[in-house]
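Here is the file coords_15.csv (CSV, C-alpha atoms and all ligand atoms).
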```csv
chain,number,residue,atom,x,y,z
A,1,MET,CA,-7.6,-10.7,-30.9
A,2,GLN,CA,-8.8,-7.2,-31.4
A,3,VAL,CA,-7.0,-4.3,-29.7
A,4,LEU,CA,-9.4,-1.4,-29.2
A,5,ASN,CA,-8.4,2.0,-27.8
A,6,LEU,CA,-11.5,4.2,-27.8
A,7,PRO,CA,-14.5,4.0,-25.5
A,8,VAL,CA,-16.9,4.3,-28.4
A,9,GLU,CA,-15.2,1.4,-30.2
A,10,ILE,CA,-15.3,-1.0,-27.3
A,11,PHE,CA,-18.9,0.0,-26.5
A,12,ASP,CA,-20.2,-0.6,-30.0
A,13,HIS,CA,-18.4,-3.9,-30.3
A,14,THR,CA,-19.5,-5.3,-26.9
A,15,TRP,CA,-23.0,-3.9,-27.2
A,16,SER,CA,-23.6,-5.7,-30.5
A,17,LEU,CA,-22.3,-9.0,-29.0
A,18,LYS,CA,-24.5,-8.4,-26.0
A,19,ILE,CA,-27.7,-7.9,-28.0
A,20,GLN,CA,-26.9,-11.2,-29.9
A,21,GLY,CA,-27.2,-12.8,-26.5
A,22,LYS,CA,-23.4,-13.5,-26.0
A,23,SER,CA,-22.0,-13.6,-22.4
A,24,ILE,CA,-19.1,-11.2,-21.9
A,25,GLY,CA,-16.4,-11.9,-19.2
A,26,PHE,CA,-14.4,-8.8,-18.3
A,27,VAL,CA,-11.1,-8.7,-16.5
A,28,PRO,CA,-10.0,-5.1,-15.6
A,29,THR,CA,-6.2,-4.8,-15.1
A,30,MET,CA,-3.5,-2.2,-14.9
A,31,GLY,CA,-1.2,-4.4,-17.0
A,32,ALA,CA,2.2,-5.9,-16.1
A,33,LEU,CA,0.3,-9.2,-16.2
A,34,HIS,CA,1.4,-12.2,-14.2
A,35,GLU,CA,0.1,-15.6,-13.2
A,36,GLY,CA,-2.5,-14.0,-10.9
A,37,HIS,CA,-4.1,-12.2,-13.9
A,38,PHE,CA,-3.9,-15.4,-16.0
A,39,HIS,CA,-6.0,-17.2,-13.4
A,40,LEU,CA,-8.7,-14.4,-13.7
A,41,ILE,CA,-8.6,-14.6,-17.5
A,42,LYS,CA,-8.7,-18.4,-17.6
A,43,ARG,CA,-11.8,-18.3,-15.3
A,44,ALA,CA,-13.4,-15.7,-17.5
A,45,ARG,CA,-12.6,-17.8,-20.6
A,46,GLU,CA,-14.3,-20.9,-19.0
A,47,GLU,CA,-17.4,-19.1,-18.0
A,48,ASN,CA,-18.1,-16.7,-21.0
A,49,GLU,CA,-18.4,-16.7,-24.7
A,50,ILE,CA,-16.4,-13.5,-25.1
A,51,VAL,CA,-13.5,-12.3,-23.0
A,52,VAL,CA,-12.5,-8.7,-22.8
A,53,VAL,CA,-9.4,-7.6,-20.8
A,54,SER,CA,-8.6,-3.9,-20.2
A,55,ILE,CA,-5.1,-2.5,-19.5
A,56,PHE,CA,-5.2,1.0,-18.0
A,57,VAL,CA,-3.0,2.4,-15.2
A,58,ASN,CA,-5.5,4.6,-13.5
A,59,PRO,CA,-4.0,7.8,-12.2
A,60,LEU,CA,-7.1,8.5,-10.0
A,61,GLN,CA,-6.4,5.6,-7.6
A,62,PHE,CA,-2.8,6.5,-6.8
A,63,ASN,CA,-2.3,8.8,-3.9
A,64,ARG,CA,1.4,9.1,-4.4
A,65,ASP,CA,2.8,10.3,-7.8
A,66,GLU,CA,5.9,8.2,-7.2
A,67,ASP,CA,3.8,5.1,-7.0
A,68,PHE,CA,2.0,5.9,-10.2
A,69,ASN,CA,5.2,6.8,-12.1
A,70,ASN,CA,7.0,3.6,-10.9
A,71,TYR,CA,4.1,1.3,-11.6
A,72,PRO,CA,5.4,-1.3,-14.1
A,73,ARG,CA,4.2,-0.9,-17.7
A,74,SER,CA,4.7,-3.6,-20.4
A,75,VAL,CA,1.7,-3.3,-22.8
A,76,ASP,CA,3.4,-5.1,-25.7
A,77,GLN,CA,4.4,-8.1,-23.6
A,78,ASP,CA,0.9,-8.1,-22.0
A,79,LEU,CA,-0.7,-8.3,-25.4
A,80,VAL,CA,1.4,-11.3,-26.3
A,81,HIS,CA,0.1,-13.0,-23.1
A,82,LEU,CA,-3.5,-12.1,-23.9
A,83,ARG,CA,-3.3,-13.6,-27.4
A,84,LYS,CA,-1.9,-16.8,-26.0
A,85,LEU,CA,-4.7,-17.0,-23.5
A,86,GLY,CA,-7.3,-16.7,-26.2
A,87,VAL,CA,-8.7,-13.3,-25.2
A,88,ASP,CA,-11.1,-11.9,-27.8
A,89,VAL,CA,-10.6,-8.2,-27.1
A,90,ALA,CA,-7.9,-6.1,-25.4
A,91,TYR,CA,-9.2,-2.7,-24.4
A,92,VAL,CA,-6.2,-0.3,-24.0
A,93,PRO,CA,-7.5,3.3,-23.6
A,94,SER,CA,-5.2,6.3,-23.3
A,95,GLU,CA,-5.5,8.5,-20.3
A,96,ARG,CA,-7.1,11.2,-22.5
A,97,ALA,CA,-9.7,8.7,-23.9
A,98,MET,CA,-10.5,7.6,-20.4
A,99,TYR,CA,-10.6,11.0,-18.8
A,100,PRO,CA,-11.2,13.7,-21.5
A,101,GLU,CA,-11.9,15.9,-18.4
A,102,LEU,CA,-10.8,15.2,-14.8
A,103,PRO,CA,-13.9,13.6,-13.2
A,104,GLN,CA,-15.4,15.8,-10.5
A,105,ILE,CA,-17.4,13.0,-8.9
A,106,LYS,CA,-16.1,11.4,-5.6
A,107,LEU,CA,-17.3,8.1,-4.4
A,108,ASP,CA,-17.6,7.5,-0.6
A,109,PHE,CA,-18.0,3.9,0.5
A,110,GLY,CA,-18.6,4.8,4.1
A,111,LEU,CA,-17.3,2.6,6.9
A,112,MET,CA,-16.0,0.0,4.5
A,113,GLU,CA,-13.4,2.3,3.1
A,114,GLN,CA,-12.3,3.9,6.4
A,115,VAL,CA,-10.2,0.9,7.3
A,116,MET,CA,-7.0,-0.8,5.9
A,117,GLU,CA,-6.3,0.4,2.3
A,118,GLY,CA,-8.9,3.2,2.6
A,119,GLU,CA,-7.3,4.5,5.8
A,120,PHE,CA,-3.7,4.5,4.4
A,121,ARG,CA,-4.5,5.5,0.8
A,122,PRO,CA,-7.0,8.4,1.0
A,123,GLY,CA,-9.0,8.7,-2.2
A,124,HIS,CA,-7.9,5.3,-3.5
A,125,PHE,CA,-11.3,3.6,-3.5
A,126,SER,CA,-13.0,6.6,-5.0
A,127,GLY,CA,-10.5,6.4,-7.9
A,128,VAL,CA,-11.1,2.6,-8.2
A,129,GLY,CA,-14.9,3.1,-8.1
A,130,VAL,CA,-14.9,5.7,-10.8
A,131,VAL,CA,-12.6,3.8,-13.2
A,132,VAL,CA,-14.4,0.5,-12.7
A,133,ALA,CA,-17.8,2.1,-13.3
A,134,LYS,CA,-16.5,3.7,-16.5
A,135,LEU,CA,-15.0,0.4,-17.6
A,136,PHE,CA,-18.2,-1.4,-17.0
A,137,ASN,CA,-20.1,1.2,-19.0
A,138,HIS,CA,-17.6,0.9,-21.9
A,139,CYS,CA,-17.3,-2.9,-22.0
A,140,ASN,CA,-20.9,-4.1,-21.2
A,141,PRO,CA,-19.8,-7.2,-19.2
A,142,THR,CA,-22.0,-10.0,-18.0
A,143,ARG,CA,-19.4,-10.9,-15.4
A,144,ALA,CA,-16.3,-9.1,-14.1
A,145,TYR,CA,-13.4,-10.9,-12.4
A,146,PHE,CA,-11.5,-9.5,-9.4
A,147,GLY,CA,-8.6,-11.1,-7.5
A,148,LEU,CA,-9.2,-11.7,-3.8
A,149,LYS,CA,-5.7,-10.4,-2.9
A,150,ASP,CA,-7.4,-7.0,-3.1
A,151,LEU,CA,-10.2,-8.2,-0.8
A,152,GLN,CA,-11.3,-4.7,0.2
A,153,GLN,CA,-11.5,-3.7,-3.5
A,154,TYR,CA,-13.5,-6.8,-4.4
A,155,LEU,CA,-16.0,-6.1,-1.6
A,156,LEU,CA,-16.3,-2.4,-2.5
A,157,VAL,CA,-16.8,-3.1,-6.2
A,158,LYS,CA,-19.6,-5.6,-5.2
A,159,ARG,CA,-21.2,-2.9,-3.2
A,160,LEU,CA,-20.9,-0.4,-6.0
A,161,VAL,CA,-22.6,-2.8,-8.3
A,162,SER,CA,-25.4,-3.5,-5.9
A,163,ASP,CA,-25.9,0.2,-4.8
A,164,LEU,CA,-26.1,1.4,-8.4
A,165,SER,CA,-28.0,-1.7,-9.7
A,166,LEU,CA,-25.4,-2.3,-12.4
A,167,PRO,CA,-26.4,-5.2,-14.6
A,168,LEU,CA,-23.4,-7.6,-14.1
A,169,ASP,CA,-22.1,-10.1,-11.6
A,170,ILE,CA,-18.8,-9.7,-9.8
A,171,VAL,CA,-16.7,-12.9,-9.4
A,172,GLY,CA,-13.9,-13.1,-6.8
A,173,VAL,CA,-10.9,-15.3,-7.7
A,174,PRO,CA,-8.6,-16.8,-5.0
A,175,ILE,CA,-5.1,-15.5,-4.5
A,176,VAL,CA,-2.3,-17.0,-6.6
A,177,ARG,CA,1.0,-17.4,-4.8
A,178,GLU,CA,4.6,-18.0,-5.9
A,179,GLU,CA,6.2,-21.3,-4.6
A,180,SER,CA,7.6,-19.3,-1.6
A,181,GLY,CA,4.1,-18.2,-0.6
A,182,LEU,CA,4.5,-14.6,-1.8
A,183,ALA,CA,1.2,-13.4,-3.3
A,184,MET,CA,1.5,-12.7,-7.1
A,185,SER,CA,1.5,-8.9,-7.8
A,186,SER,CA,2.7,-6.7,-10.6
A,187,ARG,CA,4.6,-4.8,-7.9
A,188,ASN,CA,6.8,-7.9,-7.3
A,189,GLN,CA,8.7,-7.1,-10.5
A,190,ARG,CA,10.2,-4.1,-8.6
A,191,LEU,CA,11.8,-6.4,-5.9
A,192,SER,CA,15.3,-7.6,-6.0
A,193,GLN,CA,16.0,-11.3,-5.2
A,194,GLU,CA,16.8,-10.3,-1.6
A,195,GLY,CA,13.6,-8.2,-1.6
A,196,LYS,CA,11.6,-11.2,-2.7
A,197,ARG,CA,13.2,-13.2,0.1
A,198,ILE,CA,12.1,-10.6,2.7
A,199,ALA,CA,8.6,-10.3,1.1
A,200,ARG,CA,7.8,-13.9,1.5
A,201,THR,CA,7.9,-13.5,5.3
A,202,ILE,CA,4.6,-11.6,4.9
A,203,TYR,CA,2.9,-14.9,4.1
A,204,GLN,CA,4.8,-16.6,6.9
A,205,GLY,CA,3.2,-14.1,9.3
A,206,LEU,CA,-0.2,-14.9,7.9
A,207,ILE,CA,0.3,-18.7,8.4
A,208,LEU,CA,1.5,-17.9,12.0
A,209,ALA,CA,-1.8,-16.0,12.5
A,210,ARG,CA,-3.8,-18.9,11.3
A,211,GLN,CA,-2.1,-21.3,13.7
A,212,LEU,CA,-2.7,-18.9,16.6
A,213,TRP,CA,-6.3,-18.5,15.6
A,214,GLU,CA,-6.8,-22.2,15.4
A,215,ASP,CA,-5.3,-22.5,18.9
A,216,LYS,CA,-8.0,-20.0,20.1
A,217,SER,CA,-5.8,-17.0,20.6
A,218,SER,CA,-7.7,-13.7,20.8
A,219,SER,CA,-7.5,-11.0,18.2
A,220,ASP,CA,-5.2,-8.9,20.3
A,221,GLU,CA,-2.8,-11.8,21.1
A,222,THR,CA,-2.7,-12.9,17.4
A,223,ASN,CA,-2.1,-9.3,16.4
A,224,GLN,CA,0.7,-8.8,18.9
A,225,THR,CA,2.5,-12.0,18.1
A,226,VAL,CA,2.3,-11.5,14.3
A,227,ASN,CA,3.4,-7.9,14.6
A,228,ALA,CA,6.4,-9.0,16.7
A,229,PHE,CA,7.2,-11.6,14.1
A,230,TYR,CA,7.1,-8.9,11.4
A,231,ARG,CA,9.3,-6.5,13.4
A,232,GLU,CA,12.0,-9.2,13.5
A,233,GLN,CA,12.2,-9.3,9.7
A,234,LYS,CA,14.9,-6.9,8.6
A,235,GLY,CA,13.9,-4.9,5.6
A,236,LEU,CA,10.2,-5.3,6.2
A,237,SER,CA,8.1,-2.4,7.5
A,238,MET,CA,4.4,-3.2,8.1
A,239,GLU,CA,1.8,-0.5,7.7
A,240,TYR,CA,-1.1,-2.4,9.1
A,241,VAL,CA,-2.1,-5.9,10.4
A,242,GLN,CA,-5.8,-6.3,10.9
A,243,ILE,CA,-8.1,-9.1,11.7
A,244,VAL,CA,-11.6,-8.3,10.3
A,245,SER,CA,-14.9,-9.9,9.3
A,246,PRO,CA,-14.6,-10.7,5.5
A,247,ASN,CA,-18.2,-9.5,5.0
A,248,THR,CA,-18.1,-6.1,6.7
A,249,LEU,CA,-14.4,-5.5,7.2
A,250,ARG,CA,-15.1,-4.5,10.8
A,251,PRO,CA,-12.3,-5.5,13.2
A,252,LEU,CA,-13.0,-8.7,15.2
A,253,GLU,CA,-12.4,-8.3,18.9
A,254,ASN,CA,-12.7,-11.9,19.8
A,255,ASN,CA,-12.0,-15.3,18.4
A,256,LYS,CA,-15.5,-16.7,18.0
A,257,LEU,CA,-16.9,-19.2,15.6
A,258,GLU,CA,-17.4,-16.6,12.8
A,259,PRO,CA,-15.6,-16.0,9.6
A,260,ALA,CA,-12.3,-14.0,10.0
A,261,VAL,CA,-9.6,-12.8,7.7
A,262,ILE,CA,-6.2,-11.2,8.5
A,263,CYS,CA,-5.3,-8.4,6.1
A,264,VAL,CA,-1.8,-6.9,6.0
A,265,ALA,CA,0.1,-4.2,4.1
A,266,GLY,CA,3.8,-3.4,4.3
A,267,TYR,CA,6.8,-2.1,2.4
A,268,VAL,CA,9.9,-4.0,1.1
A,269,GLU,CA,12.5,-2.0,-0.8
A,270,GLY,CA,10.0,0.9,-1.0
A,271,VAL,CA,7.4,-1.3,-2.7
A,272,ARG,CA,4.0,-1.5,-1.1
A,273,LEU,CA,2.7,-5.1,-0.8
A,274,ILE,CA,-0.7,-6.4,0.5
A,275,ASP,CA,-1.9,-9.8,1.4
A,276,ASN,CA,-4.6,-11.6,3.3
A,277,LEU,CA,-5.5,-15.1,4.6
A,278,TYR,CA,-8.8,-16.5,5.9
A,279,LEU,CA,-8.4,-17.5,9.5
A,280,ARG,CA,-11.9,-19.0,9.4
A,281,GLN,CA,-14.0,-19.5,6.3
A,282,ASP,CA,-17.8,-19.1,6.2
B,301,LIG,O1,-6.9,-4.2,-9.2
B,301,LIG,C1,-6.5,-3.5,-10.2
B,301,LIG,O2,-5.6,-3.8,-11.0
B,301,LIG,C2,-7.1,-2.1,-10.3
B,301,LIG,O3,-7.5,-1.6,-9.1
B,301,LIG,C3,-8.4,-2.1,-11.3
B,301,LIG,C4,-9.5,-3.0,-10.8
B,301,LIG,C5,-7.9,-2.6,-12.7
B,301,LIG,C6,-8.9,-0.7,-11.4
B,301,LIG,O4,-7.9,0.2,-11.9
```
Could you show the structure in this file as structure tokens?
Amino acid sequence: MQVLNLPVEIFDHTWSLKIQGKSIGFVPTMGALHEGHFHLIKRAREENEIVVVSIFVNPLQFNRDEDFNNYPRSVDQDLVHLRKLGVDVAYVPSERAMYPELPQIKLDFGLMEQVMEGEFRPGHFSGVGVVVAKLFNHCNPTRAYFGLKDLQQYLLVKRLVSDLSLPLDIVGVPIVREESGLAMSSRNQRLSQEGKRIARTIYQGLILARQLWEDKSSSDETNQTVNAFYREQKGLSMEYVQIVSPNTLRPLENNKLEPAVICVAGYVEGVRLIDNLYLRQD
């Protein structure tokens, strides 16, 4: 596996592969790799001749310095995992290589970013959009792989690619959960055993929502019951619980025969966790 650090190095390398007609699967990450990332990488490995994984903790997408500073970092360990997974190239740029100057551009995804993560993390998706566009330009991917735990991110990146006619496909990969149901996340590393026990109730609330939805409860009823369940969990503080259309992210007022997904964010031991579950598939 090659480890490249400079935009020009990864560009030249992937461009020469691309003009030889090789397909390039790209998995952007912020490191602290876990089983969820491994699924993305395995999928990229199955579907492409070359696999590139980037590791870069992007300061532009953090709206709290504390969150950025506390984000887990374990590059050496990550590289060991990537070698085992048969990755061809790890791209690990420094902050300076990525942003020689602070980007002045701001991306606005309109209504789609005014809800959920966008509402509670101002500027987050602009930061994600900028780094993802730069990484695509550096790595020349045929396909890029995103986890569906960050459903809103996946939808906005798809939108970015279609609005800017970027020449790649975006592939969404289902959420990977621990045995307890807790969605895999790099942030889980910051939880104590007790924190993990509390955090798994997030998924239990989602399962409750699905039962209620299947029993034809309305959006409001489901929301209220799930919120009440979450309020009973000591140590868990929810930021939002929203039932939305998985295509537009608009809130769903009624329980009709249309696709619906419940998206939630909350804090356990000061760690911000998100999750979602389809209440009804397409
Ligand atoms: O999902 C993430 O890990 C990040 O938002 C991403 C896509 C690597 C951009 O920094």
Query raised in the report: Which protein, DNA or RNA residues have an atom within 10 Å of ligand LIG 301 (chain B), counting only C-alpha atoms and all ligand atoms, as an MDAnalysis selection string?
Result: chainID A and resid 27:33 37 53:62 124:125 127:133 135 144:151 153:154 157 185:186
Could you pull out every residue with an atom within 8 Å of (-12.5, -14.1, -20.2), file coordinates, counting all atoms listed in the file, and send them as a PDB file with C-alpha atoms, in the coordinates of the input?
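The result, stored in part-v4.pdb:
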```pdb
ATOM      1  CA  ILE A  24     -19.100 -11.200 -21.900  1.00  0.00           C
ATOM      2  CA  GLY A  25     -16.400 -11.900 -19.200  1.00  0.00           C
ATOM      3  CA  PHE A  26     -14.400  -8.800 -18.300  1.00  0.00           C
ATOM      4  CA  VAL A  27     -11.100  -8.700 -16.500  1.00  0.00           C
ATOM      5  CA  LEU A  40      -8.700 -14.400 -13.700  1.00  0.00           C
ATOM      6  CA  ILE A  41      -8.600 -14.600 -17.500  1.00  0.00           C
ATOM      7  CA  LYS A  42      -8.700 -18.400 -17.600  1.00  0.00           C
ATOM      8  CA  ARG A  43     -11.800 -18.300 -15.300  1.00  0.00           C
ATOM      9  CA  ALA A  44     -13.400 -15.700 -17.500  1.00  0.00           C
ATOM     10  CA  ARG A  45     -12.600 -17.800 -20.600  1.00  0.00           C
ATOM     11  CA  GLU A  46     -14.300 -20.900 -19.000  1.00  0.00           C
ATOM     12  CA  GLU A  47     -17.400 -19.100 -18.000  1.00  0.00           C
ATOM     13  CA  ASN A  48     -18.100 -16.700 -21.000  1.00  0.00           C
ATOM     14  CA  GLU A  49     -18.400 -16.700 -24.700  1.00  0.00           C
ATOM     15  CA  ILE A  50     -16.400 -13.500 -25.100  1.00  0.00           C
ATOM     16  CA  VAL A  51     -13.500 -12.300 -23.000  1.00  0.00           C
ATOM     17  CA  VAL A  52     -12.500  -8.700 -22.800  1.00  0.00           C
ATOM     18  CA  VAL A  53      -9.400  -7.600 -20.800  1.00  0.00           C
ATOM     19  CA  VAL A  87      -8.700 -13.300 -25.200  1.00  0.00           C
TER      20      VAL A  87
END
```
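Nearest to Phe229 (chain A) of all the residues A:Ile202, A:Val244, A:Ala260, A:Leu252 is A:Ile202, counting all atoms listed in the file.
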Show me, as a PDB file with C-alpha atoms, in the coordinates of the input, the residues that have an atom within 8 Å of region 8-23 of chain A when counting only C-alpha atoms, minus same-chain residues fewer than 2 positions from it.
```
ATOM      1  CA  LEU A   4      -9.400  -1.400 -29.200  1.00  0.00           C
ATOM      2  CA  ASN A   5      -8.400   2.000 -27.800  1.00  0.00           C
ATOM      3  CA  LEU A   6     -11.500   4.200 -27.800  1.00  0.00           C
ATOM      4  CA  GLY A  25     -16.400 -11.900 -19.200  1.00  0.00           C
ATOM      5  CA  ASN A  48     -18.100 -16.700 -21.000  1.00  0.00           C
ATOM      6  CA  GLU A  49     -18.400 -16.700 -24.700  1.00  0.00           C
ATOM      7  CA  ILE A  50     -16.400 -13.500 -25.100  1.00  0.00           C
ATOM      8  CA  TYR A  91      -9.200  -2.700 -24.400  1.00  0.00           C
ATOM      9  CA  ASN A 137     -20.100   1.200 -19.000  1.00  0.00           C
ATOM     10  CA  HIS A 138     -17.600   0.900 -21.900  1.00  0.00           C
ATOM     11  CA  CYS A 139     -17.300  -2.900 -22.000  1.00  0.00           C
ATOM     12  CA  ASN A 140     -20.900  -4.100 -21.200  1.00  0.00           C
ATOM     13  CA  PRO A 141     -19.800  -7.200 -19.200  1.00  0.00           C
ATOM     14  CA  THR A 142     -22.000 -10.000 -18.000  1.00  0.00           C
ATOM     15  CA  ARG A 143     -19.400 -10.900 -15.400  1.00  0.00           C
TER      16      ARG A 143
END
```
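Residue nearest Ser74 (chain A) within the list A:Asp275, A:Cys263, A:Pro246, A:His34: A:His34 [criterion: smallest interatomic distance, all atoms listed in the file].
Interatomic distance, CA of Arg159 (chain A) against CA of Met112 (chain A): 9.7 Å.
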Report summary line: In terms of all atoms listed in the file, the residue from A:Phe136, A:Pro93, A:Leu182, A:Arg197 at minimal distance from Pro167 (chain A) is A:Phe136
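Nearest-residue note for Gln224 (chain A): choosing from A:Thr201, A:Gln242, A:Gln2, A:Gln77, the minimum distance belongs to A:Gln242, counting only C-alpha atoms.
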Export region 226-248 of chain A, C-alpha atoms, as a compact mmCIF listing (two decimals), in the first residue's frame; it's the structure right above.
```
# COMPACT_ATOMS: atom_id res chain seq x y z
CA VAL A 226 -40.17 8.21 21.40
CA ASN A 227 -39.19 11.51 23.03
CA ALA A 228 -40.81 10.37 26.28
CA PHE A 229 -38.83 7.11 26.08
CA TYR A 230 -35.60 9.03 25.56
CA ARG A 231 -36.37 11.42 28.45
CA GLU A 232 -36.58 8.39 30.79
CA GLN A 233 -32.98 7.39 29.95
CA LYS A 234 -30.67 8.89 32.55
CA GLY A 235 -27.50 10.28 30.97
CA LEU A 236 -29.04 10.69 27.52
CA SER A 237 -29.94 14.13 26.24
CA MET A 238 -31.53 14.26 22.78
CA GLU A 239 -30.99 17.19 20.46
CA TYR A 240 -33.57 16.24 17.85
CA VAL A 241 -35.93 13.44 16.87
CA GLN A 242 -37.37 13.91 13.40
CA ILE A 243 -39.43 11.80 11.04
CA VAL A 244 -38.66 12.86 7.48
CA SER A 245 -38.85 11.76 3.87
CA PRO A 246 -35.54 10.01 3.03
CA ASN A 247 -35.57 11.68 -0.38
CA THR A 248 -36.20 15.32 0.51
```
